[in-house]
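S.K.: Provided herewith: protein25.cif, mmCIF, C-alpha atoms and all ligand atoms.
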```cif
data_start
loop_
_atom_site.label_atom_id
_atom_site.label_comp_id
_atom_site.auth_asym_id
_atom_site.auth_seq_id
_atom_site.Cartn_x
_atom_site.Cartn_y
_atom_site.Cartn_z
CA MET A 1043 -37.39 20.66 25.22
CA HIS A 1044 -34.69 22.28 27.34
CA LYS A 1045 -34.31 19.11 29.33
CA ASP A 1046 -33.33 17.20 26.20
CA LYS A 1047 -29.69 16.34 25.83
CA PRO A 1048 -28.20 18.11 22.80
CA ILE A 1049 -27.65 14.80 20.99
CA GLU A 1050 -31.38 14.11 21.27
CA GLU A 1051 -32.26 17.59 19.98
CA ILE A 1052 -29.86 17.03 17.08
CA ILE A 1053 -31.40 13.68 16.21
CA LYS A 1054 -34.90 15.18 16.34
CA ASN A 1055 -33.78 17.97 14.02
CA ILE A 1056 -32.17 15.69 11.46
CA GLU A 1057 -35.19 13.39 11.49
CA ASP A 1058 -37.72 16.24 11.15
CA LYS A 1059 -35.95 18.55 8.71
CA ASN A 1060 -35.14 18.02 5.07
CA SER A 1061 -32.38 20.20 3.72
CA PHE A 1062 -28.98 20.46 5.36
CA LEU A 1063 -25.81 22.43 4.83
CA VAL A 1064 -22.80 20.72 6.43
CA VAL A 1065 -19.61 22.72 7.02
CA ALA A 1066 -16.32 22.33 8.89
CA HIS A 1067 -13.31 24.57 9.52
CA GLU A 1068 -11.03 25.92 6.81
CA ASN A 1069 -7.76 24.12 6.13
CA PRO A 1070 -9.54 20.92 7.08
CA ASP A 1071 -7.77 18.12 8.93
CA GLY A 1072 -8.74 14.46 9.16
CA ASP A 1073 -11.42 15.11 11.75
CA ALA A 1074 -13.02 18.04 9.89
CA ILE A 1075 -13.26 15.92 6.75
CA GLY A 1076 -14.05 12.62 8.45
CA SER A 1077 -16.89 14.12 10.49
CA MET A 1078 -18.33 15.84 7.40
CA GLY A 1079 -18.34 12.52 5.58
CA ALA A 1080 -19.84 10.67 8.54
CA ILE A 1081 -22.80 13.07 8.86
CA TYR A 1082 -23.15 13.08 5.05
CA TYR A 1083 -23.61 9.30 4.96
CA ILE A 1084 -26.08 9.41 7.86
CA LEU A 1085 -28.19 12.12 6.22
CA LYS A 1086 -28.09 10.33 2.86
CA LYS A 1087 -29.25 7.13 4.54
CA LEU A 1088 -32.22 9.14 5.88
CA ASN A 1089 -32.88 10.42 2.31
CA LYS A 1090 -32.18 14.05 3.17
CA ASP A 1091 -30.91 16.81 0.88
CA VAL A 1092 -27.31 17.52 1.82
CA VAL A 1093 -24.92 20.21 0.60
CA LEU A 1094 -21.32 20.07 1.82
CA PHE A 1095 -19.14 23.16 2.06
CA ASN A 1096 -15.51 23.84 2.86
CA LYS A 1097 -13.83 27.11 2.11
CA SER A 1098 -10.44 25.49 1.42
CA ASN A 1099 -9.34 23.04 -1.20
CA ILE A 1100 -9.43 19.54 0.21
CA PRO A 1101 -5.89 18.15 0.54
CA GLU A 1102 -5.29 15.37 -2.00
CA ARG A 1103 -4.31 12.96 0.73
CA PHE A 1104 -8.01 12.73 1.68
CA TYR A 1105 -9.23 11.86 -1.82
CA TYR A 1106 -9.48 8.20 -0.75
CA LEU A 1107 -12.74 9.21 0.98
CA GLU A 1108 -15.12 9.08 -1.97
CA PHE A 1109 -17.57 11.66 -0.67
CA VAL A 1110 -15.00 14.50 -0.79
CA LYS A 1111 -15.79 14.99 -4.49
CA ASN A 1112 -19.15 16.33 -3.27
CA ILE A 1113 -17.63 19.10 -1.13
CA ASN A 1114 -18.23 22.57 -2.58
CA SER A 1115 -16.09 25.63 -2.04
CA PHE A 1116 -18.87 27.81 -3.44
CA LEU A 1117 -22.57 27.69 -2.57
CA LYS A 1118 -25.18 27.94 -5.33
CA LYS A 1119 -28.08 27.25 -2.98
CA THR A 1120 -28.62 29.72 -0.12
CA ASP A 1121 -31.72 28.36 1.61
CA TYR A 1122 -31.51 25.45 4.10
CA ASP A 1123 -33.52 24.11 7.03
CA THR A 1124 -30.44 23.42 9.11
CA VAL A 1125 -26.75 24.33 9.02
CA ILE A 1126 -24.53 21.75 10.76
CA VAL A 1127 -21.13 23.11 11.79
CA LEU A 1128 -18.44 20.59 12.72
CA ASP A 1129 -15.11 20.74 14.56
CA SER A 1130 -15.12 24.56 14.72
CA GLY A 1131 -14.67 26.52 17.95
CA GLU A 1132 -16.12 29.61 16.32
CA LEU A 1133 -18.40 30.00 13.34
CA SER A 1134 -15.81 32.29 11.72
CA ARG A 1135 -13.39 29.35 11.46
CA THR A 1136 -15.56 27.96 8.66
CA GLY A 1137 -15.22 31.07 6.50
CA LEU A 1138 -18.95 30.71 5.79
CA ALA A 1139 -20.76 33.94 4.83
CA ILE A 1140 -23.63 33.11 7.16
CA ASP A 1141 -25.42 36.45 6.61
CA ASN A 1142 -26.01 35.49 2.97
CA LEU A 1143 -27.87 32.32 3.95
CA LYS A 1144 -31.42 31.55 4.98
CA TYR A 1145 -31.78 28.86 7.62
CA GLU A 1146 -33.86 27.95 10.66
CA CYS A 1147 -31.26 26.43 12.90
CA ILE A 1148 -27.53 26.11 13.39
CA ILE A 1149 -26.28 22.89 14.98
CA ASN A 1150 -22.80 23.18 16.51
CA ILE A 1151 -21.05 19.84 17.12
CA ASP A 1152 -17.54 20.24 18.48
CA HIS A 1153 -14.93 19.12 21.00
CA HIS A 1154 -12.78 22.27 21.30
CA VAL A 1155 -12.60 23.52 24.89
CA THR A 1156 -12.57 27.08 23.53
CA ASN A 1157 -15.91 26.71 21.67
CA ASP A 1158 -18.10 29.82 22.02
CA TYR A 1159 -21.53 28.12 21.65
CA PHE A 1160 -22.53 29.95 18.47
CA GLY A 1161 -25.30 27.47 17.56
CA ASP A 1162 -29.00 27.17 18.28
CA ILE A 1163 -28.24 23.61 19.37
CA ASN A 1164 -24.76 23.17 20.82
CA TRP A 1165 -23.24 19.78 21.49
CA VAL A 1166 -19.76 20.65 22.73
CA ASP A 1167 -17.85 17.98 24.61
CA PRO A 1168 -14.09 18.50 25.08
CA LYS A 1169 -13.57 14.98 26.34
CA MET A 1170 -14.51 13.51 22.96
CA SER A 1171 -11.51 12.34 20.92
CA SER A 1172 -12.91 13.79 17.73
CA VAL A 1173 -16.11 15.09 16.19
CA GLY A 1174 -16.13 11.86 14.17
CA GLU A 1175 -16.55 9.95 17.43
CA MET A 1176 -19.52 12.21 18.31
CA ILE A 1177 -21.12 11.50 14.92
CA ALA A 1178 -20.64 7.77 15.59
CA TYR A 1179 -22.87 8.13 18.66
CA ILE A 1180 -25.53 9.83 16.53
CA ALA A 1181 -25.38 6.93 14.05
CA LYS A 1182 -25.66 4.37 16.86
CA GLU A 1183 -28.57 6.21 18.45
CA ILE A 1184 -30.57 5.93 15.22
CA ASN A 1185 -29.44 2.36 14.53
CA ILE A 1186 -27.19 2.99 11.57
CA GLU A 1187 -24.35 0.44 11.56
CA LEU A 1188 -20.77 1.68 11.73
CA LYS A 1189 -19.58 0.07 8.52
CA ASP A 1190 -18.43 0.69 4.96
CA LYS A 1191 -17.93 4.35 3.95
CA LEU A 1192 -19.44 5.70 7.15
CA ALA A 1193 -16.96 3.67 9.20
CA GLU A 1194 -14.07 4.81 7.01
CA CYS A 1195 -14.93 8.46 7.73
CA ILE A 1196 -15.33 7.92 11.47
CA TYR A 1197 -12.09 5.96 11.64
CA THR A 1198 -10.29 8.75 9.74
CA SER A 1199 -11.55 11.28 12.31
CA ILE A 1200 -10.53 9.22 15.32
CA VAL A 1201 -7.13 8.09 14.09
CA SER A 1202 -6.32 11.63 12.96
CA ASP A 1203 -7.29 13.47 16.16
CA THR A 1204 -5.82 10.86 18.56
CA GLY A 1205 -2.47 10.65 16.77
CA SER A 1206 -3.25 7.00 16.06
CA PHE A 1207 -4.47 6.39 19.61
CA THR A 1208 -1.45 7.92 21.38
CA PHE A 1209 -2.95 11.19 22.70
CA SER A 1210 -4.68 11.40 26.07
CA ASN A 1211 -8.03 12.05 24.37
CA THR A 1212 -8.11 8.32 23.50
CA ARG A 1213 -10.76 7.05 25.91
CA PRO A 1214 -12.09 3.55 26.48
CA ALA A 1215 -15.30 4.71 24.79
CA THR A 1216 -13.30 5.85 21.75
CA LEU A 1217 -11.77 2.41 21.44
CA ARG A 1218 -15.19 0.77 21.83
CA ILE A 1219 -16.28 2.63 18.69
CA VAL A 1220 -13.14 1.37 16.95
CA ILE A 1221 -13.86 -2.19 18.11
CA GLU A 1222 -17.32 -1.94 16.60
CA ILE A 1223 -15.89 -0.67 13.32
CA LEU A 1224 -13.37 -3.53 13.19
CA GLU A 1225 -16.03 -6.10 14.08
CA ASN A 1226 -18.06 -4.86 11.12
CA GLY A 1227 -15.26 -5.90 8.76
CA PHE A 1228 -13.17 -2.75 8.37
CA ASP A 1229 -10.00 -3.46 6.33
CA LEU A 1230 -7.24 -1.87 8.40
CA ASP A 1231 -4.41 -2.76 6.04
CA ASP A 1232 -6.20 -1.23 3.08
CA PHE A 1233 -7.03 1.86 5.14
CA ASN A 1234 -3.45 2.39 6.31
CA ARG A 1235 -2.15 2.08 2.76
CA LYS A 1236 -4.43 4.96 1.76
CA TYR A 1237 -4.13 7.01 4.96
CA GLN A 1238 -0.41 6.82 5.71
CA ARG A 1239 1.47 6.22 2.48
CA TYR A 1240 1.06 9.45 0.60
CA TRP A 1241 4.31 11.35 1.18
CA THR A 1242 6.44 12.80 -1.60
CA LEU A 1243 10.23 12.88 -1.57
CA ASN A 1244 10.00 16.69 -1.39
CA LYS A 1245 8.02 16.40 1.82
CA VAL A 1246 10.70 14.12 3.30
CA HIS A 1247 13.29 16.77 2.41
CA LEU A 1248 11.23 19.54 4.04
CA HIS A 1249 10.92 17.48 7.21
CA GLY A 1250 14.67 16.84 7.21
CA LEU A 1251 15.34 20.55 6.92
CA SER A 1252 12.85 21.28 9.70
CA MET A 1253 14.42 18.74 12.04
CA GLN A 1254 17.80 20.40 11.53
CA ASN A 1255 16.22 23.71 12.55
CA ALA A 1256 14.75 22.41 15.81
CA LYS A 1257 15.72 24.45 18.87
CA LEU A 1258 15.16 24.20 22.60
CA TYR A 1259 14.39 27.09 24.97
CA LEU A 1260 13.59 27.55 28.66
CA ASP A 1261 15.94 24.83 29.92
CA GLY A 1262 14.66 22.40 27.34
CA GLN A 1263 11.00 22.75 28.29
CA LEU A 1264 10.04 24.47 25.02
CA GLY A 1265 10.89 23.07 21.60
CA ILE A 1266 10.44 25.24 18.51
CA ILE A 1267 10.72 24.66 14.78
CA SER A 1268 10.32 27.72 12.59
CA ILE A 1269 9.36 27.07 8.98
CA SER A 1270 10.08 29.92 6.58
CA LYS A 1271 8.57 30.43 3.13
CA ASP A 1272 12.09 29.96 1.82
CA MET A 1273 12.22 26.41 3.23
CA LEU A 1274 9.04 25.55 1.34
CA GLU A 1275 10.42 27.08 -1.84
CA ARG A 1276 13.74 25.27 -1.57
CA THR A 1277 11.99 21.90 -1.20
CA SER A 1278 9.11 22.64 -3.62
CA THR A 1279 6.56 21.92 -0.91
CA THR A 1280 3.36 23.55 0.35
CA LYS A 1281 1.97 24.34 3.78
CA GLU A 1282 0.11 20.99 3.77
CA ASP A 1283 3.51 19.26 3.75
CA CYS A 1284 4.28 20.85 7.16
CA GLU A 1285 1.73 18.59 8.80
CA GLY A 1286 3.34 16.45 11.50
CA ILE A 1287 6.58 18.42 11.81
CA ILE A 1288 5.61 19.37 15.38
CA ASN A 1289 5.78 15.72 16.41
CA TYR A 1290 9.59 15.63 16.19
CA LEU A 1291 9.67 18.09 19.12
CA ARG A 1292 7.18 16.12 21.16
CA VAL A 1293 9.55 13.16 21.42
CA ILE A 1294 12.49 15.16 22.80
CA LYS A 1295 13.08 14.27 26.44
CA GLY A 1296 12.02 17.07 28.81
CA VAL A 1297 9.94 19.05 26.32
CA LYS A 1298 6.68 20.26 27.90
CA VAL A 1299 5.53 22.56 25.10
CA ALA A 1300 6.22 21.94 21.41
CA ALA A 1301 5.65 24.72 18.88
CA THR A 1302 5.95 25.21 15.16
CA LEU A 1303 5.88 28.66 13.60
CA ARG A 1304 5.07 28.82 9.91
CA GLU A 1305 5.58 31.97 7.93
CA ASP A 1306 2.34 32.78 6.06
CA ASP A 1307 1.33 35.73 3.89
CA ASP A 1308 0.46 38.33 6.52
CA ARG A 1309 1.19 36.40 9.72
CA VAL A 1310 3.04 33.57 11.40
CA LYS A 1311 0.84 30.54 12.09
CA VAL A 1312 1.60 28.91 15.42
CA SER A 1313 0.84 25.29 16.38
CA LEU A 1314 1.22 24.19 19.99
CA ARG A 1315 1.31 20.76 21.62
CA SER A 1316 1.74 19.68 25.21
CA TYR A 1317 1.28 16.74 27.52
CA GLY A 1318 -0.92 16.20 30.56
CA GLU A 1319 -1.86 19.22 32.62
CA VAL A 1320 -0.02 21.82 30.53
CA ASP A 1321 -2.99 23.56 28.85
CA VAL A 1322 -1.74 25.19 25.64
CA SER A 1323 -5.23 26.34 24.65
CA ASN A 1324 -4.65 29.14 27.18
CA ILE A 1325 -1.52 30.26 25.34
CA ALA A 1326 -3.38 30.02 22.02
CA LYS A 1327 -6.20 32.27 23.27
CA GLY A 1328 -3.59 35.02 23.70
CA LEU A 1329 -2.53 34.47 20.07
CA ASN A 1330 -5.93 35.06 18.39
CA GLY A 1331 -6.54 31.32 18.40
CA GLY A 1332 -7.80 28.42 20.46
CA GLY A 1333 -8.06 24.67 20.47
CA HIS A 1334 -7.70 21.82 22.90
CA LYS A 1335 -5.81 21.45 26.17
CA ASN A 1336 -2.92 19.59 24.54
CA ALA A 1337 -3.23 20.78 20.94
CA ALA A 1338 -3.97 24.36 19.96
CA GLY A 1339 -2.95 27.10 17.57
CA GLY A 1340 -3.04 30.79 16.77
CA SER A 1341 -1.32 33.57 14.85
CA ILE A 1342 1.39 36.14 15.54
CA PHE A 1343 1.52 39.25 13.36
CA LEU A 1344 5.29 39.75 13.38
CA PRO A 1345 8.18 38.68 11.14
CA LEU A 1346 9.24 35.08 11.76
CA GLN A 1347 12.29 35.69 13.95
CA GLN A 1348 10.48 38.23 16.12
CA ALA A 1349 7.49 35.93 16.35
CA GLU A 1350 9.75 33.21 17.70
CA LYS A 1351 11.06 35.51 20.46
CA PHE A 1352 7.53 36.68 21.22
CA LEU A 1353 6.36 33.10 21.62
CA VAL A 1354 9.29 32.14 23.86
CA ASN A 1355 8.31 34.99 26.21
CA LYS A 1356 4.65 34.00 26.18
CA VAL A 1357 5.44 30.39 27.00
CA GLU A 1358 7.90 31.43 29.73
CA GLU A 1359 5.23 33.61 31.38
CA PHE A 1360 2.75 30.80 31.06
CA LEU A 1361 5.04 28.16 32.57
CA LEU A 1362 5.93 30.48 35.47
CA GLU A 1363 2.27 31.17 36.20
CA ASN A 1364 1.40 27.51 36.04
CA SER A 1365 4.28 25.88 37.92
MN MN A 1401 -11.24 17.68 15.83
#
```
Just give me the structure of the file as structure tokens.

M.R.:
Amino acid sequence: MHKDKPIEEIIKNIEDKNSFLVVAHENPDGDAIGSMGAIYYILKKLNKDVVLFNKSNIPERFYYLEFVKNINSFLKKTDYDTVIVLDSGELSRTGLAIDNLKYECIINIDHHVTNDYFGDINWVDPKMSSVGEMIAYIAKEINIELKDKLAECIYTSIVSDTGSFTFSNTRPATLRIVIEILENGFDLDDFNRKYQRYWTLNKVHLHGLSMQNAKLYLDGQLGIISISKDMLERTSTTKEDCEGIINYLRVIKGVKVAATLREDDDRVKVSLRSYGEVDVSNIAKGLNGGGHKNAAGGSIFLPLQQAEKFLVNKVEEFLLENS
């Protein structure tokens, strides 16, 4: 049994067991939702009982994936054979009250380098573009074709976590999955209409305001945009509308680390991006967070302006140590 690869143990479990709880991290992104949907369609195809859980409300922009109407934010049933946890470096990121549940096995499928192996079966592979890509390999292994709604979920995961195939986690194998999806008749134009064209004018205004607030530090190596609650109020936007703001910093010549700081209720939420060998997951670990080498996040428990200074110092230390 121990010699089995985790993907084989996972397949054995989903073939043998009957009732599954599937969860992903709070404030779900395209990969959290896409991978939930992908495993949902696989389990349904195998005639299993599936309950989906996410602690947060699902952002409206993902409503084009039909299965999201089946995601619960409250669990009526507490007894499952297997709990499948997706795209979460730690179990706590799901907000699941695990002690209130009865289950035999936790399956942890993830690609965060900071994952702490909380499962009974752990398939953690940081080279994978997305958890959706990992679920695609499960589907292939049990001869389920990558098409229709399953393909739409996997494609959502991949396109979301690779920044539409521009990040360095885009591997030849990732693109081979995409080729297969396209060969099976996936309608890219229809998908992009649903996936990309969802902005409101208010969101455009928030992004304009954010771009005006962009600053450079450390001889232009660090770019920061701080987003205050006031900016959201002035533009009638929500934290979901902040998605993507960090990318304006990533295109500034010379920037090695891009950071957004967003004022939240009791903390400042920090997002970090980098290129190549600059491993921002190490900075994030010092900020009660984690993530990937080139995309990570954490929290600072200071007022916004002080948090910005704190982060500049942290990044300076980090760049000195790693130059
Ligand atoms: Mn992911």

S.K.: As a quick test: using all atoms listed in the file, which residues lie no more than 6 Å away from ligand MN 1401 (chain A)? Give them as a count of residues only.

M.R.: 5

S.K.: Please provide the set of residues having any atom within 7 Å of Ile1126 in chain A, restricted to all atoms listed in the file, with same-chain residues fewer than 2 positions apart removed, written as a list of chain:residue names.

M.R.: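 Near Ile1126 in chain A, the qualifying residues are A:Leu1063, A:Val1064, A:Val1065, A:Thr1124, A:Leu1128, A:Ile1148, A:Ile1149, A:Asn1150.
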
S.K.: Would you mind exporting C-alpha atoms of the selected residues as a PDB file, in the coordinates of the input?

M.R.:
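again-v3.pdb, freshly written:
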```pdb
ATOM      1  CA  LEU A1063     -25.810  22.430   4.830  1.00  0.00           C
ATOM      2  CA  VAL A1064     -22.800  20.720   6.430  1.00  0.00           C
ATOM      3  CA  VAL A1065     -19.610  22.720   7.020  1.00  0.00           C
ATOM      4  CA  THR A1124     -30.440  23.420   9.110  1.00  0.00           C
ATOM      5  CA  LEU A1128     -18.440  20.590  12.720  1.00  0.00           C
ATOM      6  CA  ILE A1148     -27.530  26.110  13.390  1.00  0.00           C
ATOM      7  CA  ILE A1149     -26.280  22.890  14.980  1.00  0.00           C
ATOM      8  CA  ASN A1150     -22.800  23.180  16.510  1.00  0.00           C
TER       9      ASN A1150
END
```

S.K.: Out of A:Tyr1237, A:Tyr1197, A:Asp1167, A:Leu1138, which residue has the shortest atom-to-atom distance to Tyr1105 in chain A when counting all atoms listed in the file?

M.R.: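 For Tyr1105 in chain A, the nearest of the given residues is A:Tyr1237.
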
S.K.: Excluding same-chain residues fewer than 4 positions from Ala1215 in chain A, what lies within 12 Å of it counting all atoms listed in the file, as a PyMOL selection string?

M.R.: chain A and resi 1169-1172+1175-1176+1178-1179+1200+1211+1219-1222

S.K.: Excluding range 1315-1324 of chain A and its own-chain neighbours fewer than 3 positions away, which residues fall within 8 Å of it when counting only C-alpha atoms? Please give them as a short mmCIF file (atom, residue, chain, number, x, y, z; two decimals) with C-alpha atoms, keeping the file's coordinate frame.

M.R.:
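File written: around-v9.cif
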```cif
data_model
loop_
_atom_site.label_atom_id
_atom_site.label_comp_id
_atom_site.auth_asym_id
_atom_site.auth_seq_id
_atom_site.Cartn_x
_atom_site.Cartn_y
_atom_site.Cartn_z
CA VAL A 1155 -12.60 23.52 24.89
CA THR A 1156 -12.57 27.08 23.53
CA SER A 1210 -4.68 11.40 26.07
CA ILE A 1288 5.61 19.37 15.38
CA ARG A 1292 7.18 16.12 21.16
CA LYS A 1298 6.68 20.26 27.90
CA VAL A 1299 5.53 22.56 25.10
CA ALA A 1300 6.22 21.94 21.41
CA ALA A 1301 5.65 24.72 18.88
CA LYS A 1327 -6.20 32.27 23.27
CA GLY A 1328 -3.59 35.02 23.70
CA GLY A 1332 -7.80 28.42 20.46
CA GLY A 1333 -8.06 24.67 20.47
CA HIS A 1334 -7.70 21.82 22.90
CA LYS A 1335 -5.81 21.45 26.17
CA ASN A 1336 -2.92 19.59 24.54
CA ALA A 1337 -3.23 20.78 20.94
CA ALA A 1338 -3.97 24.36 19.96
CA GLY A 1339 -2.95 27.10 17.57
#
```

S.K.: Using only C-alpha atoms, pick whichever of A:Glu1282, A:Asp1158, A:Asp1229, A:Asp1071 has the shortest atom-to-atom distance to Gly1174 in chain A.

M.R.: A:Asp1071
